[in-house]
Amino acid sequence: VSFSKLCKSTIQCTIEPGCTLLYLPDPTVPYHQSSFQERREFTCQYSPKSDINQNGNVEEEVMPLMGSIISVDWYSSGRRFSTGMEEERWAFDYLATRTELFVVEQDQTQPKAQAQRTRPVLIESMIFDNKISDANHASIRTPAAIALGQNLDAMATILLHGPSSLPVAKRAKSLSRYLAGLCTRTRSGYSFDGQSEDDGDNIVEEVEEHDELEKLIEALGGKVLLSVTPIKHSKGGHQNQKFNKQPLTNMVRILAESNEDVY
């Protein structure tokens, strides 16, 4: 890639305990022969808490006060609805995107303790380099267009972290299972806390959720591929057994035929 024409974007956000960041931009459109590099760094703070008895001893560990993130990284294939650009699909020269998530105690973000924050708990990174191809016209399929598949014109990842993101993660997992079930058989749900998921309340909830998902699927205009990856780590009290029934960090990945379906 020619770094003389490389457009760069760097975003650094800090989320304090009890706060929620919603970073929901419109899709970036990497047009023909463009070069774009984006780096996003999120520092999510937590404030550990514990119940102390009268003797000053720790009686019970409780859920720490945490920050939450719902962040979208979204790209469209090109200017397909502009005159003369109808066949432009993933025709950029270079596209690189990187997301890093740090989870730290609140006082660790002070300047004197910066050295303690040495390793992110999550790195999501993608690089597409079309300069190695002979595609010299927007209508010629590039390596990125071939890799992403026929007619898939929208690509997005969603970083979900913290208590406020859990309902979104639950809905994304249900949608992922439903979409997969349209193409193949899927296994029944499993409860990691050892309890059965087939009690009456859950059955009613699942029926209502199934009806909502059916309406959502009917509204889609084309093919959608969606996956959810839970990220396990020990920062912020994540290994506390009382609250470890579901991961507090999840990465959602989406490929779709249109931006409207990502919405």
# chains A, B, ... in the order shown; residues from 1 in each chain; ligands from 1

call {"tool": "residues_around", "arguments": {"residues": "range 166-168 of chain A", "least_positions_apart": "6", "cutoff": "9 Å", "atoms": "only C-alpha atoms", "output": "PyMOL selection string"}}
result
chain A and resi 70+160+246-250

call {"tool": "write_last_selection", "arguments": {"atoms": "C-alpha atoms", "output": "CSV table (one decimal), in the first residue's frame"}}
result
chain,number,residue,atom,x,y,z
A,70,ILE,CA,-21.7,-1.6,22.3
A,160,LEU,CA,-20.2,-6.2,23.2
A,246,GLN,CA,-22.5,-16.0,30.7
A,247,PRO,CA,-19.4,-14.1,29.3
A,248,LEU,CA,-19.5,-10.4,29.7
A,249,THR,CA,-17.5,-9.9,26.4
A,250,ASN,CA,-18.8,-11.0,23.0

call {"tool": "atom_distance", "arguments": {"atom1": "CA of Glu218 in chain A", "atom2": "CA of His161 in chain A"}}
result
29.0 Å

call {"tool": "closest_residue", "arguments": {"among": "A:Ile217, A:Leu159, A:Cys7, A:Ala144", "to": "Ser77 in chain A", "atoms": "only C-alpha atoms"}}
result
A:Ala144

call {"tool": "residues_around", "arguments": {"residues": "Thr97 in chain A", "least_positions_apart": "6", "cutoff": "12 Å", "atoms": "only C-alpha atoms", "output": "list of chain:residue names"}}
result
A:Cys7, A:Lys8, A:Ser9, A:Thr10, A:Ile11, A:Thr28, A:Pro30, A:Ser35, A:Phe36, A:Gln37, A:Glu38, A:Arg39, A:Arg40, A:Glu41, A:Val72, A:Asp73, A:Trp74, A:Tyr75, A:Ile123, A:Glu124, A:Ser125, A:Met126, A:Ile127, A:Phe128, A:Asp129, A:Met155, A:Ala156, A:Thr157

call {"tool": "residues_around", "arguments": {"residues": "Phe42 in chain A", "least_positions_apart": "4", "cutoff": "7 Å", "atoms": "only C-alpha atoms", "output": "list in words"}}
result
Gln12, Cys13, Thr14, Glu100, Leu101 and Phe102 of chain A

call {"tool": "write_last_selection", "arguments": {"atoms": "all heavy atoms", "output": "tab-separated table (two decimals), in the first residue's frame"}}
result
chain	number	residue	atom	x	y	z
A	12	GLN	N	-9.90	6.59	20.48
A	12	GLN	CA	-9.56	6.14	21.82
A	12	GLN	C	-10.66	6.57	22.78
A	12	GLN	O	-10.96	7.76	22.89
A	12	GLN	CB	-8.21	6.71	22.26
A	12	GLN	CG	-7.03	6.20	21.44
A	12	GLN	CD	-5.72	6.82	21.84
A	12	GLN	OE1	-5.64	8.04	22.03
A	12	GLN	NE2	-4.68	6.02	21.97
A	13	CYS	N	-11.27	5.61	23.45
A	13	CYS	CA	-12.39	5.89	24.35
A	13	CYS	C	-12.15	5.23	25.70
A	13	CYS	O	-11.63	4.11	25.77
A	13	CYS	CB	-13.71	5.36	23.77
A	13	CYS	SG	-14.15	6.02	22.15
A	14	THR	N	-12.52	5.92	26.76
A	14	THR	CA	-12.46	5.38	28.12
A	14	THR	C	-13.87	5.37	28.71
A	14	THR	O	-14.56	6.40	28.68
A	14	THR	CB	-11.52	6.20	29.01
A	14	THR	OG1	-10.19	6.16	28.47
A	14	THR	CG2	-11.50	5.66	30.43
A	100	GLU	N	-9.12	-2.91	19.84
A	100	GLU	CA	-8.50	-3.42	21.06
A	100	GLU	C	-9.36	-3.05	22.26
A	100	GLU	O	-9.84	-1.92	22.37
A	100	GLU	CB	-7.09	-2.85	21.23
A	100	GLU	CG	-6.12	-3.27	20.14
A	100	GLU	CD	-4.70	-2.77	20.41
A	100	GLU	OE1	-4.49	-2.09	21.43
A	100	GLU	OE2	-3.81	-3.06	19.60
A	101	LEU	N	-9.55	-4.02	23.16
A	101	LEU	CA	-10.31	-3.78	24.38
A	101	LEU	C	-9.42	-4.03	25.59
A	101	LEU	O	-8.84	-5.10	25.74
A	101	LEU	CB	-11.53	-4.72	24.44
A	101	LEU	CG	-12.30	-4.73	25.78
A	101	LEU	CD1	-12.92	-3.36	26.05
A	101	LEU	CD2	-13.37	-5.83	25.77
A	102	PHE	N	-9.30	-3.00	26.43
A	102	PHE	CA	-8.58	-3.11	27.70
A	102	PHE	C	-9.60	-3.06	28.83
A	102	PHE	O	-10.52	-2.23	28.79
A	102	PHE	CB	-7.58	-1.96	27.88
A	102	PHE	CG	-6.46	-1.96	26.87
A	102	PHE	CD1	-6.63	-1.33	25.65
A	102	PHE	CD2	-5.25	-2.56	27.16
A	102	PHE	CE1	-5.60	-1.31	24.72
A	102	PHE	CE2	-4.21	-2.54	26.24
A	102	PHE	CZ	-4.39	-1.92	25.01

call {"tool": "residues_around", "arguments": {"residues": "Leu152 in chain A", "least_positions_apart": "5", "cutoff": "7 Å", "atoms": "only C-alpha atoms", "output": "list in words"}}
result
Leu255, Ala256 and Glu257 of chain A
